[in-house]
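To start, the structure under review is shown below, and the notes come after it.
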Protein chains: 2
Amino acid sequence: MLDVALLGTGGMMPLPDRFLTSLMLRLNGKYMLIDCGEGTQVSIKMLGWGFKNIDVICFTHYHADHVAGLVGILLTIGNSGRRDPITLIGPKGLKKMVDGMRIICPELPFELNMLETENITDNFKIGNFEINSLKVEHRIDCYAYNIIVRRAGKFDIKKAELNNVPKAVWGELQKKDKAEYNGIIYTPDMVLGEERKGIKVTYCTDSRPIKELVEFAKKSDLFVCEGIYAEDEKLEKAIEKKHMIFKEAAQLGKLADVKQMWLTHYSPALTEPELFEQDVKSVFEKVELGYDRINTKITFENN
Amino acid sequence: MLDVALLGTGGMMPLPDRFLTSLMLRLNGKYMLIDCGEGTQVSIKMLGWGFKNIDVICFTHYHADHVAGLVGILLTIGNSGRRDPITLIGPKGLKKMVDGMRIICPELPFELNMLETENITDNFKIGNFEINSLKVEHRIDCYAYNIIVRRAGKFDIKKAELNNVPKAVWGELQKKDKAEYNGIIYTPDMVLGEERKGIKVTYCTDSRPIKELVEFAKKSDLFVCEGIYAEDEKLEKAIEKKHMIFKEAAQLGKLADVKQMWLTHYSPALTEPELFEQDVKSVFEKVELGYDRINTKITFENN
């Protein structure tokens, strides 16, 4: 079961009723964030989720509206009592960015592990969050991320018996990577059926709607995607600034056949995105216009 | 006439209803800021004041809760159309701090002039804001500031005639530093009476209540002072962290004989500072418990 909340829905600058775009995920009491612009920590407080168990912060890119809240978040995490390391993941230049920002918070009570996005391997995991990335098309290096929560197959008693797995380790093999009994190592594949469908959440901002995003977001349970402008007439401006308009985002969601979709990263000039709801739903009915702290609980399918 | 607003009243971290302590002043359509923590730009928008004419930003010190909003403010000032330079004033290390933060906003459409506080001379002026500073006692280098708006003396016709100042430059000498007529230079002191009482606003956070602050804040029209804890029992903690409790701040205001005083920079744990209003007024009746966007218009006295 994965809880997901969009902490803000703004692009460029925070507004009185709209924080900057940032995604927060909660799984088994652990949190991860993607992006943290100015004010992100305030939205977390308003949502009522915690700070101490934020294990990972991913950055799509280093424009200030996605990064400037980092120092405040780190200090507040420190004040919440955390002493375990935090992993930061972001495009090339991560250490330089973090070192620059840390001039105003040189001392933190925990370590920062830094990983550049291009160096993370397929199926990279932090706790139970599996994190994958895709390089997208913005004015500077920028990545989309998806978070996958895998779900093991059902326990298969016949398979366990066929493989001569002793009953004593049946329970252990449903929770751990391996189990030992009388000097023999047993693995989960000896007692479990086919891996079942897990949960997939995809997040993309800021980018043009490149075709690789369709495959990357394919069949996501939730696809959070930027839409900086609502109006079709702003397509040219979106192309120039390497963003996308609402309908381009919706088309991506439709082609990727996602179950649920939230738009975000609205231009500050777009004061009432909800006025365009019907228009964008005409492209893809599952699109919702994200708003600050919209959230959902995604559960495994019954199977 | 000087407008003054306290943009936020929080210390350490911004809260849903409390931005971080920052002072904004407006004089003849020009603005200055002292401190700009995370979220300061949102509070400016809520107040409805402008960005384009922010000419100066002063920093008391470089703890993140006084600085982390700088990048966002600079970008928003740029988006508002400003192309004229902005002056930044702060303790030693200003350039290093600004260069670090600017890794996430390398391009701005205006220049930054940087001045270290210890190098600004007495009666230093930016536009009509006269800025003075006092080194205070915090855990790192920290300054209090006062802003003075001077008011020239009344025009003295007898003095003008006595000094043989031609009528043609009487008007000019009431607005400018000098005037020329028939090759002779005339100065305002030749036509004006004694300088009249101007306006003085003093801002101090974060510090212990050192005795030099009494003289520095002397007879201010408004004294904005930190009070991180309300309760007398927290004095020891305030001493340890180099802050002050409400009553210490109030005592400073009383000794400095200020006309009006606002407390600010409350600990996040102090959720209802207003409960201590009567208590602190028993020390100095002119103390008010600041709240976000409390503001006042200070006019010259009638004389």
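Letters A, B, ... go to the chains of the structure tokens in the order shown; residues in each chain start at 1; ligands are counted from 1 in the same order.
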* Exercise: B:Thr202 partners within 8 Å, only C-alpha atoms, chain neighbours under 6 positions left out, as JSON, numbers by chain -> {"B": [144, 145, 146, 147, 216, 217, 220, 222, 223, 224]}
* Which residues of chain B are close to chain A, meaning at most 8 Å apart when you count only C-alpha atoms, and how do they look as an NGL selection string? -> :B and (13-16 or 38-39 or 41-43 or 45-46 or 62-65 or 67-69 or 71-72 or 76 or 96-97 or 99-105)
* Asked: Hey, which of A:His265, A:Lys247, A:Lys178, A:Lys237 ends up closest to A:Glu285? Count only C-alpha atoms.
  -> A:Lys247
* To do: Would you please extract all alpha helix (DSSP H) residues from stretch 132-181 of chain A, as assigned by DSSP on the backbone, and give them as number ranges by chain?
  => A: 157-162, 170-173
* Contacts of stretch 23-34 of chain A at 7 Å or less, counting only C-alpha atoms, minus same-chain residues fewer than 3 places along, as an NGL selection string? -> :A and (1-7 or 53-59)
Keeping N, CA and C atoms, export the residues of the selection given above as a CSV table (one decimal), in the first residue's frame.
```csv
chain,number,residue,atom,x,y,z
A,1,MET,N,0.8,-1.2,0.0
A,1,MET,CA,0.0,0.0,0.0
A,1,MET,C,0.9,1.3,0.0
A,2,LEU,N,0.7,2.1,-1.0
A,2,LEU,CA,1.5,3.3,-1.2
A,2,LEU,C,0.6,4.5,-1.1
A,3,ASP,N,1.0,5.4,-0.2
A,3,ASP,CA,0.3,6.7,-0.2
A,3,ASP,C,1.1,7.7,-1.0
A,4,VAL,N,0.4,8.5,-1.8
A,4,VAL,CA,1.0,9.5,-2.6
A,4,VAL,C,0.4,10.8,-2.4
A,5,ALA,N,1.1,11.9,-2.3
A,5,ALA,CA,0.6,13.2,-2.2
A,5,ALA,C,1.4,14.2,-3.0
A,6,LEU,N,0.7,15.1,-3.7
A,6,LEU,CA,1.3,16.1,-4.5
A,6,LEU,C,1.3,17.4,-3.6
A,7,LEU,N,2.5,17.7,-3.1
A,7,LEU,CA,2.6,18.8,-2.1
A,7,LEU,C,2.3,20.1,-2.6
A,53,ASN,N,11.3,10.3,8.9
A,53,ASN,CA,11.5,9.1,8.1
A,53,ASN,C,11.6,9.4,6.6
A,54,ILE,N,12.0,10.6,6.2
A,54,ILE,CA,12.3,10.9,4.8
A,54,ILE,C,13.6,10.3,4.5
A,55,ASP,N,13.6,9.2,3.7
A,55,ASP,CA,14.9,8.5,3.4
A,55,ASP,C,15.5,8.9,2.1
A,56,VAL,N,14.8,9.4,1.2
A,56,VAL,CA,15.3,9.7,-0.1
A,56,VAL,C,14.7,11.0,-0.6
A,57,ILE,N,15.5,11.9,-1.3
A,57,ILE,CA,15.0,13.0,-2.0
A,57,ILE,C,15.6,13.0,-3.4
A,58,CYS,N,14.7,12.9,-4.4
A,58,CYS,CA,15.2,12.9,-5.8
A,58,CYS,C,14.9,14.2,-6.4
A,59,PHE,N,15.8,14.7,-7.3
A,59,PHE,CA,15.6,15.9,-8.0
A,59,PHE,C,15.5,15.6,-9.5
```
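The neighbours of B:Phe284 here are the residues that come within 7 Å of it, using only C-alpha atoms and leaving out any residue fewer than 3 positions away in the same chain; they are Ala250, Gln251, Lys254, Val280, Lys281 and Val287 of chain B.
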Pick out the residues sitting within 9 Å of A:Arg82, and hand them over as an mmCIF file with N, CA and C atoms, in the first residue's frame; count only C-alpha atoms, and ignore anything fewer than 3 positions along from it in its own chain.
```cif
data_model
loop_
_atom_site.group_PDB
_atom_site.id
_atom_site.type_symbol
_atom_site.label_atom_id
_atom_site.label_comp_id
_atom_site.auth_asym_id
_atom_site.auth_seq_id
_atom_site.Cartn_x
_atom_site.Cartn_y
_atom_site.Cartn_z
ATOM 1 N N PHE A 51 8.625 14.099 8.953
ATOM 2 C CA PHE A 51 9.925 14.476 8.400
ATOM 3 C C PHE A 51 11.008 13.444 8.694
ATOM 4 N N LYS A 52 10.932 12.878 9.906
ATOM 5 C CA LYS A 52 12.055 12.062 10.381
ATOM 6 C C LYS A 52 12.345 10.866 9.471
ATOM 7 N N ASN A 53 11.315 10.318 8.859
ATOM 8 C CA ASN A 53 11.509 9.112 8.053
ATOM 9 C C ASN A 53 11.603 9.382 6.557
ATOM 10 N N ILE A 54 12.000 10.604 6.203
ATOM 11 C CA ILE A 54 12.266 10.873 4.782
ATOM 12 C C ILE A 54 13.631 10.272 4.452
ATOM 13 N N ILE A 77 14.262 18.130 9.048
ATOM 14 C CA ILE A 77 14.465 16.686 9.277
ATOM 15 C C ILE A 77 15.417 16.507 10.465
ATOM 16 N N GLY A 78 16.479 17.318 10.492
ATOM 17 C CA GLY A 78 17.424 17.238 11.609
ATOM 18 C C GLY A 78 16.744 17.555 12.938
ATOM 19 N N ASN A 79 15.914 18.591 12.942
ATOM 20 C CA ASN A 79 15.205 18.969 14.167
ATOM 21 C C ASN A 79 14.190 17.917 14.602
ATOM 22 N N PRO A 85 21.444 8.326 7.711
ATOM 23 C CA PRO A 85 21.756 9.031 6.463
ATOM 24 C C PRO A 85 20.528 9.207 5.576
ATOM 25 N N PRO A 109 22.798 16.833 11.479
ATOM 26 C CA PRO A 109 23.067 15.694 12.366
ATOM 27 C C PRO A 109 22.982 14.333 11.672
ATOM 28 N N PHE A 110 23.036 14.321 10.354
ATOM 29 C CA PHE A 110 23.025 13.040 9.627
ATOM 30 C C PHE A 110 23.863 13.230 8.364
#
```
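Computed from the coordinates, the atom CA of B:Gly8 to atom CA of B:Gly198 distance equals 26.1 Å.
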* **Residue among B:Glu272, B:Glu172, B:Glu288, B:Asp189 lying closest to B:Glu231, counting only C-alpha atoms** => B:Glu272
* To do: Assign secondary structure with DSSP using the backbone only, and return the residues of stretch 126-298 of chain A in strand (DSSP E or B) as a VMD selection string.
  => chain A and resid 126 129 to 135 143 to 151 155 179 to 181 184 to 186 192 196 to 204 222 to 226 229 245 261 to 264 266 287 to 289 294 to 298
* Pick from A:Asn132, A:Thr271, A:Ser80, A:Thr296: nearest to A:Leu108, with only C-alpha atoms counted? -> A:Ser80
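Between atom CA of A:Leu263 and atom CA of A:Leu289 the interatomic distance comes to 5.1 Å.
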* Asked: Which one of B:Leu94, B:Glu107, B:Met114, B:Arg196 sits closest to B:Leu74 if you count only C-alpha atoms?
  -> B:Glu107
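One finds atom CA of B:Val191 at 4.4 Å from atom CA of B:Ala160.
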* Shortest interatomic distance to B:Thr60 - which of B:Val149, B:Leu270, B:Val136, B:Ile120, counting only C-alpha atoms -> B:Val136
